[in-house]
>>> print(open('work14.json').read())   # JSON, C-alpha atoms
[["chain", "number", "residue", "atom", "x", "y", "z"],
["A", 19, "MET", "CA", -6.34, 75.11, -71.87],
["A", 20, "LEU", "CA", -7.05, 78.68, -70.95],
["A", 21, "ILE", "CA", -5.73, 81.73, -72.78],
["A", 22, "ARG", "CA", -5.74, 85.29, -71.49],
["A", 23, "ASP", "CA", -4.72, 88.26, -73.60],
["A", 24, "ASP", "CA", -3.51, 90.59, -70.86],
["A", 25, "ALA", "CA", -1.31, 90.47, -67.80],
["A", 26, "ALA", "CA", -3.99, 90.60, -65.10],
["A", 27, "LEU", "CA", -4.25, 86.88, -64.41],
["A", 28, "VAL", "CA", -0.77, 85.73, -63.44],
["A", 29, "GLY", "CA", 1.58, 88.16, -65.06],
["A", 30, "GLY", "CA", 1.16, 87.45, -68.76],
["A", 31, "ASP", "CA", -0.94, 85.70, -71.36],
["A", 32, "LEU", "CA", -2.06, 82.37, -69.97],
["A", 33, "ALA", "CA", -2.99, 79.10, -71.58],
["A", 34, "LEU", "CA", -4.13, 76.26, -69.34],
["A", 35, "ILE", "CA", -4.80, 72.73, -70.49],
["A", 36, "VAL", "CA", -7.45, 71.29, -68.19],
["A", 37, "LEU", "CA", -8.81, 68.02, -66.89],
["A", 38, "PHE", "CA", -12.55, 67.80, -66.31],
["A", 39, "THR", "CA", -13.96, 66.91, -62.89],
["A", 40, "GLY", "CA", -17.43, 67.17, -61.40],
["A", 41, "SER", "CA", -16.89, 70.82, -60.48],
["A", 42, "SER", "CA", -15.39, 71.83, -63.81],
["A", 43, "ALA", "CA", -18.34, 73.98, -64.91],
["A", 44, "GLU", "CA", -17.87, 76.41, -62.02],
["A", 45, "THR", "CA", -14.13, 76.52, -62.53],
["A", 46, "ILE", "CA", -14.46, 77.07, -66.28],
["A", 47, "ALA", "CA", -16.94, 79.88, -65.53],
["A", 48, "TYR", "CA", -14.43, 81.42, -63.09],
["A", 49, "PHE", "CA", -11.69, 81.49, -65.70],
["A", 50, "LYS", "CA", -14.13, 82.81, -68.31],
["A", 51, "ASP", "CA", -15.04, 85.64, -65.91],
["A", 52, "GLN", "CA", -11.31, 86.37, -65.65],
["A", 53, "GLY", "CA", -11.13, 86.86, -69.42],
["A", 54, "VAL", "CA", -9.49, 83.51, -70.04],
["A", 55, "ARG", "CA", -10.25, 81.45, -73.14],
["A", 56, "VAL", "CA", -10.54, 77.73, -72.43],
["A", 57, "LEU", "CA", -9.01, 75.16, -74.77],
["A", 58, "VAL", "CA", -9.35, 71.43, -74.17],
["A", 59, "ILE", "CA", -6.67, 69.07, -75.46],
["A", 60, "SER", "CA", -7.26, 65.34, -75.03],
["A", 61, "GLY", "CA", -6.17, 62.01, -76.42],
["A", 62, "ASP", "CA", -9.80, 60.87, -76.45],
["A", 63, "ASP", "CA", -12.26, 60.89, -79.35],
["A", 64, "PRO", "CA", -12.92, 64.53, -80.31],
["A", 65, "ARG", "CA", -16.71, 64.03, -80.33],
["A", 66, "THR", "CA", -16.62, 62.74, -76.76],
["A", 67, "VAL", "CA", -14.32, 65.55, -75.65],
["A", 68, "SER", "CA", -16.56, 68.08, -77.37],
["A", 69, "GLY", "CA", -19.67, 66.76, -75.62],
["A", 70, "ILE", "CA", -18.06, 67.01, -72.19],
["A", 71, "ALA", "CA", -16.58, 70.43, -72.96],
["A", 72, "GLU", "CA", -19.99, 71.68, -74.04],
["A", 73, "LYS", "CA", -21.59, 70.43, -70.79],
["A", 74, "VAL", "CA", -19.09, 72.37, -68.66],
["A", 75, "GLY", "CA", -19.43, 75.57, -70.68],
["A", 76, "VAL", "CA", -16.31, 75.69, -72.84],
["A", 77, "GLU", "CA", -16.92, 78.27, -75.57],
["A", 78, "GLY", "CA", -16.72, 76.83, -79.07],
["A", 79, "ALA", "CA", -17.02, 73.26, -77.78],
["A", 80, "ASP", "CA", -19.23, 72.40, -80.74],
["A", 81, "ARG", "CA", -16.26, 73.04, -83.05],
["A", 82, "TYR", "CA", -13.78, 70.28, -82.39],
["A", 83, "VAL", "CA", -10.61, 69.22, -84.14],
["A", 84, "ASP", "CA", -9.33, 65.69, -84.64],
["A", 85, "ALA", "CA", -5.60, 66.29, -84.09],
["A", 86, "THR", "CA", -4.71, 63.47, -86.47],
["A", 87, "THR", "CA", -5.76, 65.84, -89.28],
["A", 88, "LEU", "CA", -3.17, 68.48, -88.28],
["A", 89, "LYS", "CA", -0.17, 67.72, -90.45],
["A", 90, "THR", "CA", 1.90, 70.91, -90.39],
["A", 91, "GLU", "CA", 3.04, 73.43, -87.80],
["A", 92, "SER", "CA", 1.00, 76.14, -89.50],
["A", 93, "GLU", "CA", -2.14, 73.98, -89.32],
["A", 94, "VAL", "CA", -1.55, 73.53, -85.58],
["A", 95, "GLU", "CA", -1.00, 77.26, -85.06],
["A", 96, "ARG", "CA", -4.15, 78.13, -87.02],
["A", 97, "ALA", "CA", -6.22, 75.55, -85.13],
["A", 98, "LEU", "CA", -4.99, 76.82, -81.76],
["A", 99, "THR", "CA", -6.05, 80.32, -82.78],
["A", 100, "CYS", "CA", -9.51, 79.35, -84.06],
["A", 101, "ASP", "CA", -10.65, 76.25, -82.16],
["A", 102, "SER", "CA", -11.23, 75.28, -78.55],
["A", 103, "VAL", "CA", -11.54, 71.48, -78.40],
["A", 104, "PHE", "CA", -8.97, 68.98, -79.66],
["A", 105, "GLY", "CA", -9.25, 65.20, -79.57],
["A", 106, "ARG", "CA", -6.96, 62.34, -80.53],
["A", 107, "VAL", "CA", -3.99, 64.46, -79.53],
["A", 108, "LYS", "CA", -0.82, 62.38, -79.16],
["A", 109, "PRO", "CA", 1.61, 63.11, -76.31],
["A", 110, "GLU", "CA", 4.13, 64.69, -78.72],
["A", 111, "GLN", "CA", 1.37, 66.91, -80.13],
["A", 112, "LYS", "CA", 0.38, 68.07, -76.63],
["A", 113, "LYS", "CA", 3.94, 69.29, -76.22],
["A", 114, "GLN", "CA", 3.82, 70.85, -79.72],
["A", 115, "PHE", "CA", 0.61, 72.69, -78.74],
["A", 116, "VAL", "CA", 2.24, 74.06, -75.58],
["A", 117, "ILE", "CA", 5.28, 75.27, -77.52],
["A", 118, "ALA", "CA", 3.13, 76.81, -80.27],
["A", 119, "LEU", "CA", 1.15, 78.76, -77.66],
["A", 120, "GLN", "CA", 4.38, 79.92, -76.02],
["A", 121, "LYS", "CA", 5.72, 81.06, -79.41],
["A", 122, "ALA", "CA", 2.49, 83.04, -79.84],
["A", 123, "GLY", "CA", 3.33, 84.92, -76.64],
["A", 124, "HIS", "CA", 1.24, 83.01, -74.13],
["A", 125, "THR", "CA", 2.36, 81.76, -70.76],
["A", 126, "VAL", "CA", 1.19, 78.15, -70.65],
["A", 127, "ALA", "CA", -0.10, 76.26, -67.65],
["A", 128, "MET", "CA", -1.18, 72.65, -68.01],
["A", 129, "THR", "CA", -3.05, 70.19, -65.85],
["A", 130, "GLY", "CA", -2.51, 66.51, -66.43],
["A", 131, "ASP", "CA", -2.68, 63.15, -64.73],
["A", 132, "GLY", "CA", -1.16, 60.59, -67.05],
["A", 133, "VAL", "CA", 2.15, 59.52, -68.50],
["A", 134, "ASN", "CA", 0.81, 60.81, -71.84],
["A", 135, "ASP", "CA", 0.74, 64.34, -70.35],
["A", 136, "THR", "CA", 4.33, 64.46, -69.09],
["A", 137, "LEU", "CA", 5.96, 65.92, -72.23],
["A", 138, "ALA", "CA", 3.50, 68.83, -72.26],
["A", 139, "LEU", "CA", 3.61, 69.25, -68.46],
["A", 140, "ASN", "CA", 7.39, 69.47, -68.67],
["A", 141, "ALA", "CA", 7.25, 72.04, -71.51],
["A", 142, "ALA", "CA", 4.60, 74.23, -69.83],
["A", 143, "ASP", "CA", 5.51, 77.35, -67.88],
["A", 144, "CYS", "CA", 3.37, 76.07, -65.02],
["A", 145, "SER", "CA", 2.41, 72.42, -64.65],
["A", 146, "VAL", "CA", -0.28, 71.02, -62.37],
["A", 147, "ALA", "CA", -0.87, 67.31, -61.74],
["A", 148, "MET", "CA", -3.58, 65.49, -59.88],
["A", 149, "ALA", "CA", -2.39, 63.52, -56.83],
["A", 150, "ALA", "CA", -4.27, 60.44, -58.02],
["A", 151, "GLY", "CA", -2.50, 60.65, -61.37],
["A", 152, "SER", "CA", 0.54, 58.76, -62.54],
["A", 153, "ASP", "CA", 3.86, 58.97, -60.71],
["A", 154, "ALA", "CA", 5.37, 60.40, -63.90],
["A", 155, "ALA", "CA", 2.87, 63.27, -64.06],
["A", 156, "ARG", "CA", 3.33, 64.09, -60.36],
["A", 157, "ASN", "CA", 7.12, 64.00, -60.69],
["A", 158, "VAL", "CA", 7.31, 66.52, -63.56],
["A", 159, "ALA", "CA", 4.59, 68.85, -62.26],
["A", 160, "GLN", "CA", 5.44, 72.02, -60.37],
["A", 161, "LEU", "CA", 2.22, 71.74, -58.38],
["A", 162, "VAL", "CA", 0.14, 68.73, -57.33],
["A", 163, "LEU", "CA", -3.53, 69.12, -56.44],
["A", 164, "VAL", "CA", -3.75, 66.80, -53.45],
["A", 165, "ASP", "CA", -7.54, 66.94, -53.48],
["A", 166, "ASN", "CA", -7.61, 65.88, -57.17],
["A", 167, "ASP", "CA", -10.12, 68.63, -57.82],
["A", 168, "PHE", "CA", -9.89, 71.10, -60.70],
["A", 169, "ALA", "CA", -12.12, 73.36, -58.58],
["A", 170, "SER", "CA", -8.98, 74.16, -56.56],
["A", 171, "MET", "CA", -7.49, 76.06, -59.49],
["A", 172, "PRO", "CA", -9.10, 79.44, -58.64],
["A", 173, "LYS", "CA", -7.51, 79.17, -55.16],
["A", 174, "VAL", "CA", -4.16, 78.38, -56.79],
["A", 175, "VAL", "CA", -4.48, 81.50, -58.96],
["A", 176, "ALA", "CA", -5.46, 83.59, -55.93],
["A", 177, "GLU", "CA", -2.43, 82.33, -54.00],
["A", 178, "GLY", "CA", -0.19, 83.08, -56.97],
["A", 179, "ARG", "CA", -1.54, 86.60, -57.16],
["A", 180, "ARG", "CA", -1.11, 87.07, -53.41],
["A", 181, "SER", "CA", 2.48, 85.85, -53.47],
["A", 182, "THR", "CA", 3.48, 88.01, -56.43],
["A", 183, "CYS", "CA", 2.18, 91.08, -54.60],
["A", 184, "PHE", "CA", 4.81, 90.55, -51.89],
["A", 185, "THR", "CA", 7.86, 89.91, -54.04]]
>>> encode(input="work14.json", output="structure tokens")
Amino acid sequence: MLIRDDAALVGGDLALIVLFTGSSAETIAYFKDQGVRVLVISGDDPRTVSGIAEKVGVEGADRYVDATTLKTESEVERALTCDSVFGRVKPEQKKQFVIALQKAGHTVAMTGDGVNDTLALNAADCSVAMAAGSDAARNVAQLVLVDNDFASMPKVVAEGRRSTCFT
């Protein structure tokens, strides 16, 4: 997930929930250069997610949250403000995270590939699925990355910026 605190990226605050691929480090660095804070939300073990996030350069990856410990809405909101890596996140919680970020004034974009991502993809302001992902994820997403490569995201942002300049 990426968060930006001004309108320069795509017209508002942005949060993007990401999938990791081989080229993720460069893509994470691109978004970081754009002033975007990366948050990772996964159903996997938080220690595993943290290790991968650290390898690709996600700031604060060493501080991870086991989402099963988040019991209240205020705990979720606080964690989303302070932490960057979340593991053991259930599908309903992914949606809750998207909505909490939206309530905090962020525009939320999400990448996902599984049935477990569909609730959050559907709730996000912009949803991106991988072509090799589940039919459910592709069907709810507004955009499908046919090359299945997160490295395409900077091009997607550039195209979005180009198109909004002509509207």
>>> residues_around(input="work14.json", residues="Ala155 of chain A", least_positions_apart="6", cutoff="10 Å", atoms="all atoms listed in the file", output="number ranges by chain")
A: 129-140, 145-149, 162
>>> closest_residue(input="work14.json", among="A:Thr125, A:Ser152, A:Ser92, A:Ser60", to="Val107 of chain A", atoms="only C-alpha atoms")
A:Ser60
>>> closest_residue(input="work14.json", among="A:Thr45, A:Thr87, A:Ser68, A:Gln120", to="Ser102 of chain A", atoms="all atoms listed in the file")
A:Ser68
>>> closest_residue(input="work14.json", among="A:Val116, A:Leu88, A:Ala122, A:Ala43", to="Cys144 of chain A", atoms="all atoms listed in the file")
A:Val116
>>> atom_distance(input="work14.json", atom1="atom CA of Val174 of chain A", atom2="atom CA of Lys108 of chain A")
27.7 Å
>>> atom_distance(input="work14.json", atom1="atom CA of Lys73 of chain A", atom2="atom CA of Phe49 of chain A")
15.7 Å
>>> residues_around(input="work14.json", residues="Ala79 of chain A", least_positions_apart="6", cutoff="9 Å", atoms="all atoms listed in the file", output="VMD selection string")
chain A and resid 57 to 58 67 to 73 101 to 103
>>> atom_distance(input="work14.json", atom1="atom CA of Gly61 of chain A", atom2="atom CA of Gly105 of chain A")
5.4 Å
>>> residues_near_point(input="work14.json", point="(-9.5, 77.9, -64.2)", cutoff="9 Å", atoms="only C-alpha atoms", output="compact mmCIF listing (two decimals) with C-alpha atoms, in the frame of the given file")
# COMPACT_ATOMS: atom_id res chain seq x y z
CA MET A 19 -6.34 75.11 -71.87
CA LEU A 20 -7.05 78.68 -70.95
CA LEU A 34 -4.13 76.26 -69.34
CA VAL A 36 -7.45 71.29 -68.19
CA SER A 42 -15.39 71.83 -63.81
CA GLU A 44 -17.87 76.41 -62.02
CA THR A 45 -14.13 76.52 -62.53
CA ILE A 46 -14.46 77.07 -66.28
CA ALA A 47 -16.94 79.88 -65.53
CA TYR A 48 -14.43 81.42 -63.09
CA PHE A 49 -11.69 81.49 -65.70
CA LYS A 50 -14.13 82.81 -68.31
CA GLN A 52 -11.31 86.37 -65.65
CA VAL A 54 -9.49 83.51 -70.04
CA VAL A 56 -10.54 77.73 -72.43
CA PHE A 168 -9.89 71.10 -60.70
CA ALA A 169 -12.12 73.36 -58.58
CA SER A 170 -8.98 74.16 -56.56
CA MET A 171 -7.49 76.06 -59.49
CA PRO A 172 -9.10 79.44 -58.64
CA VAL A 175 -4.48 81.50 -58.96
>>> closest_residue(input="work14.json", among="A:Asp153, A:Pro109, A:Val164, A:Ala142", to="His124 of chain A", atoms="all atoms listed in the file")
A:Ala142
